[in-house]
>>> print(open('input-v3.txt').read())   # compact mmCIF, N, CA and C atoms
# COMPACT_ATOMS: atom_id res chain seq x y z
N MET R 25 18.89 24.46 -10.50
CA MET R 25 18.41 23.49 -11.46
C MET R 25 19.27 22.23 -11.35
N LEU R 26 18.62 21.07 -11.45
CA LEU R 26 19.32 19.81 -11.28
C LEU R 26 20.06 19.40 -12.54
N ASP R 27 21.17 18.72 -12.32
CA ASP R 27 21.89 18.09 -13.42
C ASP R 27 20.98 17.03 -14.03
N VAL R 28 20.99 16.89 -15.35
CA VAL R 28 20.09 15.96 -16.04
C VAL R 28 20.31 14.53 -15.58
N ASP R 29 21.56 14.11 -15.38
CA ASP R 29 21.85 12.74 -14.94
C ASP R 29 21.32 12.49 -13.53
N ILE R 30 21.50 13.46 -12.65
CA ILE R 30 21.00 13.31 -11.28
C ILE R 30 19.48 13.28 -11.28
N GLU R 31 18.86 14.14 -12.08
CA GLU R 31 17.40 14.15 -12.15
C GLU R 31 16.87 12.81 -12.65
N ASP R 32 17.52 12.24 -13.66
CA ASP R 32 17.11 10.93 -14.17
C ASP R 32 17.23 9.85 -13.10
N GLN R 33 18.29 9.90 -12.32
CA GLN R 33 18.46 8.93 -11.23
C GLN R 33 17.36 9.08 -10.19
N LEU R 34 17.06 10.32 -9.85
CA LEU R 34 16.02 10.58 -8.85
C LEU R 34 14.65 10.12 -9.34
N VAL R 35 14.34 10.41 -10.60
CA VAL R 35 13.05 9.99 -11.17
C VAL R 35 12.96 8.47 -11.18
N GLU R 36 14.05 7.80 -11.54
CA GLU R 36 14.05 6.34 -11.56
C GLU R 36 13.87 5.76 -10.17
N LYS R 37 14.53 6.33 -9.17
CA LYS R 37 14.41 5.83 -7.80
C LYS R 37 13.02 6.03 -7.21
N THR R 38 12.36 7.13 -7.59
CA THR R 38 11.06 7.43 -6.99
C THR R 38 9.88 6.92 -7.81
N GLY R 39 10.11 6.59 -9.07
CA GLY R 39 9.03 6.05 -9.89
C GLY R 39 8.32 7.08 -10.76
N GLY R 40 8.82 8.29 -10.82
CA GLY R 40 8.20 9.30 -11.68
C GLY R 40 8.44 10.70 -11.15
N LYS R 41 8.21 11.66 -12.02
CA LYS R 41 8.45 13.06 -11.64
C LYS R 41 7.49 13.54 -10.57
N LEU R 42 6.24 13.11 -10.65
CA LEU R 42 5.27 13.55 -9.64
C LEU R 42 5.63 12.99 -8.27
N GLN R 43 6.04 11.72 -8.23
CA GLN R 43 6.44 11.11 -6.97
C GLN R 43 7.69 11.79 -6.42
N LEU R 44 8.62 12.12 -7.32
CA LEU R 44 9.84 12.82 -6.90
C LEU R 44 9.50 14.17 -6.29
N THR R 45 8.63 14.91 -6.96
CA THR R 45 8.23 16.22 -6.47
C THR R 45 7.56 16.12 -5.10
N ALA R 46 6.66 15.16 -4.97
CA ALA R 46 5.95 14.98 -3.69
C ALA R 46 6.92 14.61 -2.58
N LEU R 47 7.83 13.69 -2.87
CA LEU R 47 8.79 13.26 -1.85
C LEU R 47 9.70 14.41 -1.44
N MET R 48 10.20 15.14 -2.42
CA MET R 48 11.09 16.26 -2.09
C MET R 48 10.37 17.31 -1.27
N GLN R 49 9.15 17.62 -1.66
CA GLN R 49 8.39 18.64 -0.94
C GLN R 49 8.13 18.21 0.50
N LYS R 50 7.69 16.97 0.68
CA LYS R 50 7.38 16.49 2.03
C LYS R 50 8.62 16.45 2.90
N ARG R 51 9.73 15.98 2.33
CA ARG R 51 10.95 15.89 3.12
C ARG R 51 11.51 17.27 3.46
N MET R 52 11.40 18.22 2.53
CA MET R 52 11.89 19.57 2.82
C MET R 52 11.08 20.22 3.94
N VAL R 53 9.77 19.96 3.96
CA VAL R 53 8.94 20.48 5.05
C VAL R 53 9.39 19.87 6.37
N GLU R 54 9.66 18.56 6.39
CA GLU R 54 10.13 17.92 7.61
C GLU R 54 11.43 18.55 8.10
N LEU R 55 12.35 18.79 7.17
CA LEU R 55 13.63 19.39 7.54
C LEU R 55 13.44 20.82 8.07
N LYS R 56 12.54 21.58 7.45
CA LYS R 56 12.28 22.94 7.91
C LYS R 56 11.68 22.95 9.30
N ARG R 57 10.94 21.90 9.63
CA ARG R 57 10.30 21.81 10.95
C ARG R 57 11.24 21.25 12.01
N GLY R 58 12.49 20.97 11.62
CA GLY R 58 13.46 20.57 12.62
C GLY R 58 13.95 19.13 12.53
N ALA R 59 13.48 18.35 11.57
CA ALA R 59 13.98 16.99 11.43
C ALA R 59 15.46 17.03 11.09
N ARG R 60 16.17 16.02 11.52
CA ARG R 60 17.61 15.97 11.24
C ARG R 60 17.86 15.30 9.90
N PRO R 61 18.86 15.77 9.18
CA PRO R 61 19.22 15.13 7.91
C PRO R 61 19.64 13.68 8.15
N LEU R 62 19.31 12.81 7.22
CA LEU R 62 19.65 11.39 7.33
C LEU R 62 20.97 11.05 6.66
N VAL R 63 21.64 12.07 6.13
CA VAL R 63 22.94 11.87 5.49
C VAL R 63 23.94 12.85 6.08
N GLU R 64 25.21 12.49 6.01
CA GLU R 64 26.27 13.37 6.45
C GLU R 64 26.57 14.35 5.34
N THR R 65 26.44 15.64 5.60
CA THR R 65 26.73 16.66 4.60
C THR R 65 27.12 17.96 5.28
N THR R 66 27.90 18.73 4.56
CA THR R 66 28.27 20.05 5.07
C THR R 66 27.33 21.11 4.51
N SER R 67 26.49 20.73 3.55
CA SER R 67 25.57 21.66 2.91
C SER R 67 24.43 22.02 3.84
N THR R 68 23.99 23.27 3.76
CA THR R 68 22.81 23.69 4.51
C THR R 68 21.62 23.88 3.57
N ASP R 69 21.83 23.64 2.28
CA ASP R 69 20.77 23.76 1.28
C ASP R 69 19.83 22.56 1.41
N LEU R 70 18.57 22.82 1.75
CA LEU R 70 17.62 21.72 1.97
C LEU R 70 17.44 20.85 0.74
N GLN R 71 17.40 21.47 -0.44
CA GLN R 71 17.22 20.69 -1.66
C GLN R 71 18.39 19.72 -1.85
N GLU R 72 19.59 20.16 -1.61
CA GLU R 72 20.77 19.30 -1.76
C GLU R 72 20.74 18.16 -0.75
N ILE R 73 20.32 18.45 0.47
CA ILE R 73 20.21 17.40 1.50
C ILE R 73 19.19 16.35 1.08
N VAL R 74 18.03 16.80 0.62
CA VAL R 74 16.98 15.86 0.20
C VAL R 74 17.44 15.03 -0.98
N ILE R 75 18.11 15.65 -1.93
CA ILE R 75 18.62 14.90 -3.09
C ILE R 75 19.56 13.80 -2.64
N GLN R 76 20.47 14.11 -1.74
CA GLN R 76 21.40 13.10 -1.24
C GLN R 76 20.67 11.99 -0.47
N GLU R 77 19.65 12.36 0.30
CA GLU R 77 18.88 11.35 1.02
C GLU R 77 18.18 10.39 0.06
N ILE R 78 17.64 10.92 -1.02
CA ILE R 78 16.96 10.08 -2.01
C ILE R 78 17.96 9.19 -2.73
N LEU R 79 19.08 9.76 -3.15
CA LEU R 79 20.09 9.00 -3.88
C LEU R 79 20.67 7.87 -3.02
N GLN R 80 20.74 8.08 -1.71
CA GLN R 80 21.27 7.07 -0.80
C GLN R 80 20.17 6.18 -0.22
N ASP R 81 18.95 6.27 -0.78
CA ASP R 81 17.82 5.45 -0.35
C ASP R 81 17.49 5.61 1.13
N LYS R 82 17.65 6.82 1.66
CA LYS R 82 17.32 7.09 3.06
C LYS R 82 15.85 7.46 3.24
N VAL R 83 15.22 7.99 2.18
CA VAL R 83 13.81 8.36 2.25
C VAL R 83 13.09 7.84 1.01
N VAL R 84 11.85 7.40 1.20
CA VAL R 84 11.00 6.94 0.11
C VAL R 84 9.57 7.35 0.42
N LEU R 85 8.73 7.40 -0.62
CA LEU R 85 7.31 7.65 -0.39
C LEU R 85 6.67 6.40 0.18
N ALA R 86 5.81 6.57 1.16
CA ALA R 86 5.12 5.44 1.75
C ALA R 86 4.06 4.90 0.79
N GLU R 87 3.84 3.61 0.83
CA GLU R 87 2.79 2.99 0.03
C GLU R 87 1.43 3.37 0.60
N LEU R 88 0.44 3.43 -0.27
CA LEU R 88 -0.91 3.71 0.20
C LEU R 88 -1.44 2.53 0.99
N GLU R 89 -2.14 2.81 2.06
CA GLU R 89 -2.79 1.75 2.81
C GLU R 89 -4.00 1.26 2.04
N GLU R 90 -4.47 0.10 2.37
CA GLU R 90 -5.60 -0.50 1.65
C GLU R 90 -6.82 0.41 1.68
N LYS R 91 -7.09 1.07 2.80
CA LYS R 91 -8.23 1.96 2.91
C LYS R 91 -8.10 3.15 1.96
N GLU R 92 -6.88 3.64 1.81
CA GLU R 92 -6.66 4.77 0.91
C GLU R 92 -6.87 4.36 -0.54
N LYS R 93 -6.49 3.14 -0.88
CA LYS R 93 -6.66 2.65 -2.25
C LYS R 93 -8.14 2.52 -2.58
N ASP R 94 -8.95 2.16 -1.59
CA ASP R 94 -10.38 1.97 -1.81
C ASP R 94 -11.13 3.29 -1.92
N PHE R 95 -10.55 4.37 -1.44
CA PHE R 95 -11.23 5.67 -1.41
C PHE R 95 -11.70 6.09 -2.80
N LEU R 96 -10.82 6.01 -3.79
CA LEU R 96 -11.16 6.43 -5.14
C LEU R 96 -12.18 5.50 -5.77
N SER R 97 -12.07 4.20 -5.50
CA SER R 97 -13.05 3.27 -6.07
C SER R 97 -14.44 3.51 -5.49
N GLU R 98 -14.52 3.89 -4.22
CA GLU R 98 -15.81 4.21 -3.62
C GLU R 98 -16.41 5.45 -4.28
N ALA R 99 -15.58 6.42 -4.57
CA ALA R 99 -16.06 7.63 -5.23
C ALA R 99 -16.55 7.32 -6.65
N ARG R 100 -15.89 6.40 -7.33
CA ARG R 100 -16.32 6.01 -8.68
C ARG R 100 -17.70 5.35 -8.64
N LYS R 101 -17.95 4.56 -7.60
CA LYS R 101 -19.26 3.92 -7.47
C LYS R 101 -20.36 4.97 -7.33
N LEU R 102 -20.07 6.04 -6.62
CA LEU R 102 -21.06 7.09 -6.43
C LEU R 102 -21.33 7.87 -7.71
N SER R 103 -20.33 7.96 -8.59
CA SER R 103 -20.46 8.82 -9.77
C SER R 103 -21.18 8.15 -10.93
N GLY R 104 -21.45 6.87 -10.86
CA GLY R 104 -22.13 6.22 -11.98
C GLY R 104 -22.81 4.94 -11.55
N GLU R 105 -23.72 4.49 -12.38
CA GLU R 105 -24.44 3.26 -12.09
C GLU R 105 -24.10 2.23 -13.14
N GLY R 106 -24.49 0.99 -12.88
CA GLY R 106 -24.29 -0.07 -13.86
C GLY R 106 -23.02 -0.85 -13.60
N ASP R 107 -22.85 -1.88 -14.41
CA ASP R 107 -21.72 -2.78 -14.25
C ASP R 107 -20.61 -2.51 -15.25
N SER R 108 -20.62 -1.35 -15.86
CA SER R 108 -19.62 -1.03 -16.86
C SER R 108 -18.22 -1.07 -16.26
N LYS R 109 -17.28 -1.64 -16.99
CA LYS R 109 -15.92 -1.75 -16.48
C LYS R 109 -15.08 -0.53 -16.83
N GLU R 110 -15.66 0.40 -17.59
CA GLU R 110 -14.91 1.58 -17.96
C GLU R 110 -14.69 2.46 -16.74
N GLU R 111 -13.63 3.24 -16.78
CA GLU R 111 -13.33 4.14 -15.67
C GLU R 111 -14.40 5.22 -15.58
N ARG R 112 -14.90 5.44 -14.42
CA ARG R 112 -15.90 6.47 -14.18
C ARG R 112 -15.19 7.77 -13.87
N GLU R 113 -15.76 8.86 -14.32
CA GLU R 113 -15.20 10.16 -13.98
C GLU R 113 -15.58 10.48 -12.54
N VAL R 114 -14.62 10.95 -11.79
CA VAL R 114 -14.84 11.25 -10.39
C VAL R 114 -14.80 12.76 -10.21
N PHE R 115 -15.82 13.26 -9.52
CA PHE R 115 -15.91 14.69 -9.27
C PHE R 115 -15.63 14.95 -7.80
N GLY R 116 -15.30 16.20 -7.49
CA GLY R 116 -15.01 16.57 -6.11
C GLY R 116 -16.15 16.27 -5.16
N SER R 117 -17.39 16.41 -5.67
CA SER R 117 -18.54 16.14 -4.80
C SER R 117 -18.61 14.66 -4.43
N ASP R 118 -18.17 13.78 -5.34
CA ASP R 118 -18.16 12.34 -5.04
C ASP R 118 -17.14 12.04 -3.94
N LEU R 119 -15.96 12.64 -4.05
CA LEU R 119 -14.94 12.45 -3.03
C LEU R 119 -15.40 13.01 -1.69
N LYS R 120 -16.11 14.14 -1.76
CA LYS R 120 -16.62 14.76 -0.54
C LYS R 120 -17.63 13.84 0.15
N LYS R 121 -18.50 13.20 -0.63
CA LYS R 121 -19.50 12.29 -0.05
C LYS R 121 -18.83 11.12 0.65
N VAL R 122 -17.81 10.53 0.01
CA VAL R 122 -17.09 9.41 0.61
C VAL R 122 -16.41 9.87 1.90
N LYS R 123 -15.79 11.03 1.85
CA LYS R 123 -15.10 11.57 3.03
C LYS R 123 -16.09 11.82 4.17
N GLU R 124 -17.24 12.38 3.84
CA GLU R 124 -18.26 12.64 4.87
C GLU R 124 -18.76 11.34 5.49
N GLU R 125 -18.94 10.31 4.67
CA GLU R 125 -19.39 9.02 5.19
C GLU R 125 -18.35 8.43 6.14
N ARG R 126 -17.09 8.52 5.76
CA ARG R 126 -16.03 7.99 6.62
C ARG R 126 -15.94 8.76 7.93
N ILE R 127 -16.10 10.07 7.87
CA ILE R 127 -16.07 10.89 9.08
C ILE R 127 -17.24 10.52 9.98
N LYS R 128 -18.41 10.31 9.38
CA LYS R 128 -19.59 9.92 10.15
C LYS R 128 -19.37 8.57 10.83
N GLU R 129 -18.81 7.60 10.09
CA GLU R 129 -18.54 6.28 10.66
C GLU R 129 -17.56 6.38 11.82
N LEU R 130 -16.51 7.17 11.64
CA LEU R 130 -15.52 7.33 12.69
C LEU R 130 -16.13 8.01 13.91
N SER R 131 -16.95 9.01 13.68
CA SER R 131 -17.60 9.72 14.77
C SER R 131 -18.50 8.78 15.57
N GLU R 132 -19.25 7.95 14.85
CA GLU R 132 -20.13 6.99 15.53
C GLU R 132 -19.33 5.96 16.31
N PHE R 133 -18.18 5.59 15.78
CA PHE R 133 -17.32 4.62 16.46
C PHE R 133 -16.75 5.23 17.74
N LEU R 134 -16.28 6.47 17.64
CA LEU R 134 -15.65 7.11 18.79
C LEU R 134 -16.63 7.61 19.83
N ASN R 135 -17.86 7.93 19.38
CA ASN R 135 -18.87 8.44 20.29
C ASN R 135 -20.15 7.61 20.15
N PRO R 136 -20.13 6.39 20.64
CA PRO R 136 -21.32 5.54 20.48
C PRO R 136 -22.51 6.08 21.25
N THR R 137 -23.67 6.00 20.64
CA THR R 137 -24.89 6.43 21.31
C THR R 137 -25.55 5.21 21.91
N SER R 138 -26.04 5.35 23.11
CA SER R 138 -26.71 4.22 23.76
C SER R 138 -28.15 4.18 23.30
N GLU R 139 -28.52 3.06 22.71
CA GLU R 139 -29.90 2.91 22.20
C GLU R 139 -30.66 1.92 23.01
>>> encode(input="input-v3.txt", output="structure tokens")
Amino acid sequence: MLDVDIEDQLVEKTGGKLQLTALMQKRMVELKRGARPLVETTSTDLQEIVIQEILQDKVVLAELEEKEKDFLSEARKLSGEGDSKEEREVFGSDLKKVKEERIKELSEFLNPTSE
């Protein structure tokens, strides 16, 4: 269990508990797969290594690309009609439709058919 002060520092550096959890999980997977630690430490505990990397600003979550930001808005368009500015509820089927459309577009791009 983390010290409360260290946890507060980590949450502040990452922008929230969910972001902290995601970053720690992703980095621990990288380390398990053979990535080298970005900090000098004698510890072999992956959690301790990741904590030190975050505290020393060696790892951060990547920003979403513009296409990724648009993904959810496209799904919202599918889930409702009209010009209402209220947030639309997004269902898994809406996300699936957007994903299928993107896969189809990519497939057509990579495998053009001669017409």
>>> residues_around(input="input-v3.txt", residues="Thr65 in chain R", least_positions_apart="6", cutoff="10 Å", atoms="only C-alpha atoms", output="list in words")
Glu72, Ile73 and Gln76 of chain R
>>> axis_aligned_box(input="input-v3.txt", around="range 62-74 of chain R", padding_each_side="5 Å", output="AutoDock Vina command-line options")
--center_x 22.6 --center_y 17.5 --center_z 2.7 --size_x 21.3 --size_y 22.8 --size_z 19.2
>>> atom_distance(input="input-v3.txt", atom1="CA of Arg60 in chain R", atom2="CA of Leu79 in chain R")
16.8 Å
>>> atom_distance(input="input-v3.txt", atom1="CA of Val122 in chain R", atom2="CA of Asp94 in chain R")
10.3 Å
>>> atom_distance(input="input-v3.txt", atom1="atom C of Asp32 in chain R", atom2="atom C of Gly58 in chain R")
27.5 Å
>>> closest_residue(input="input-v3.txt", among="R:Leu130, R:Glu54, R:Leu62, R:Lys41", to="Val83 in chain R", atoms="all atoms listed in the file")
R:Leu62
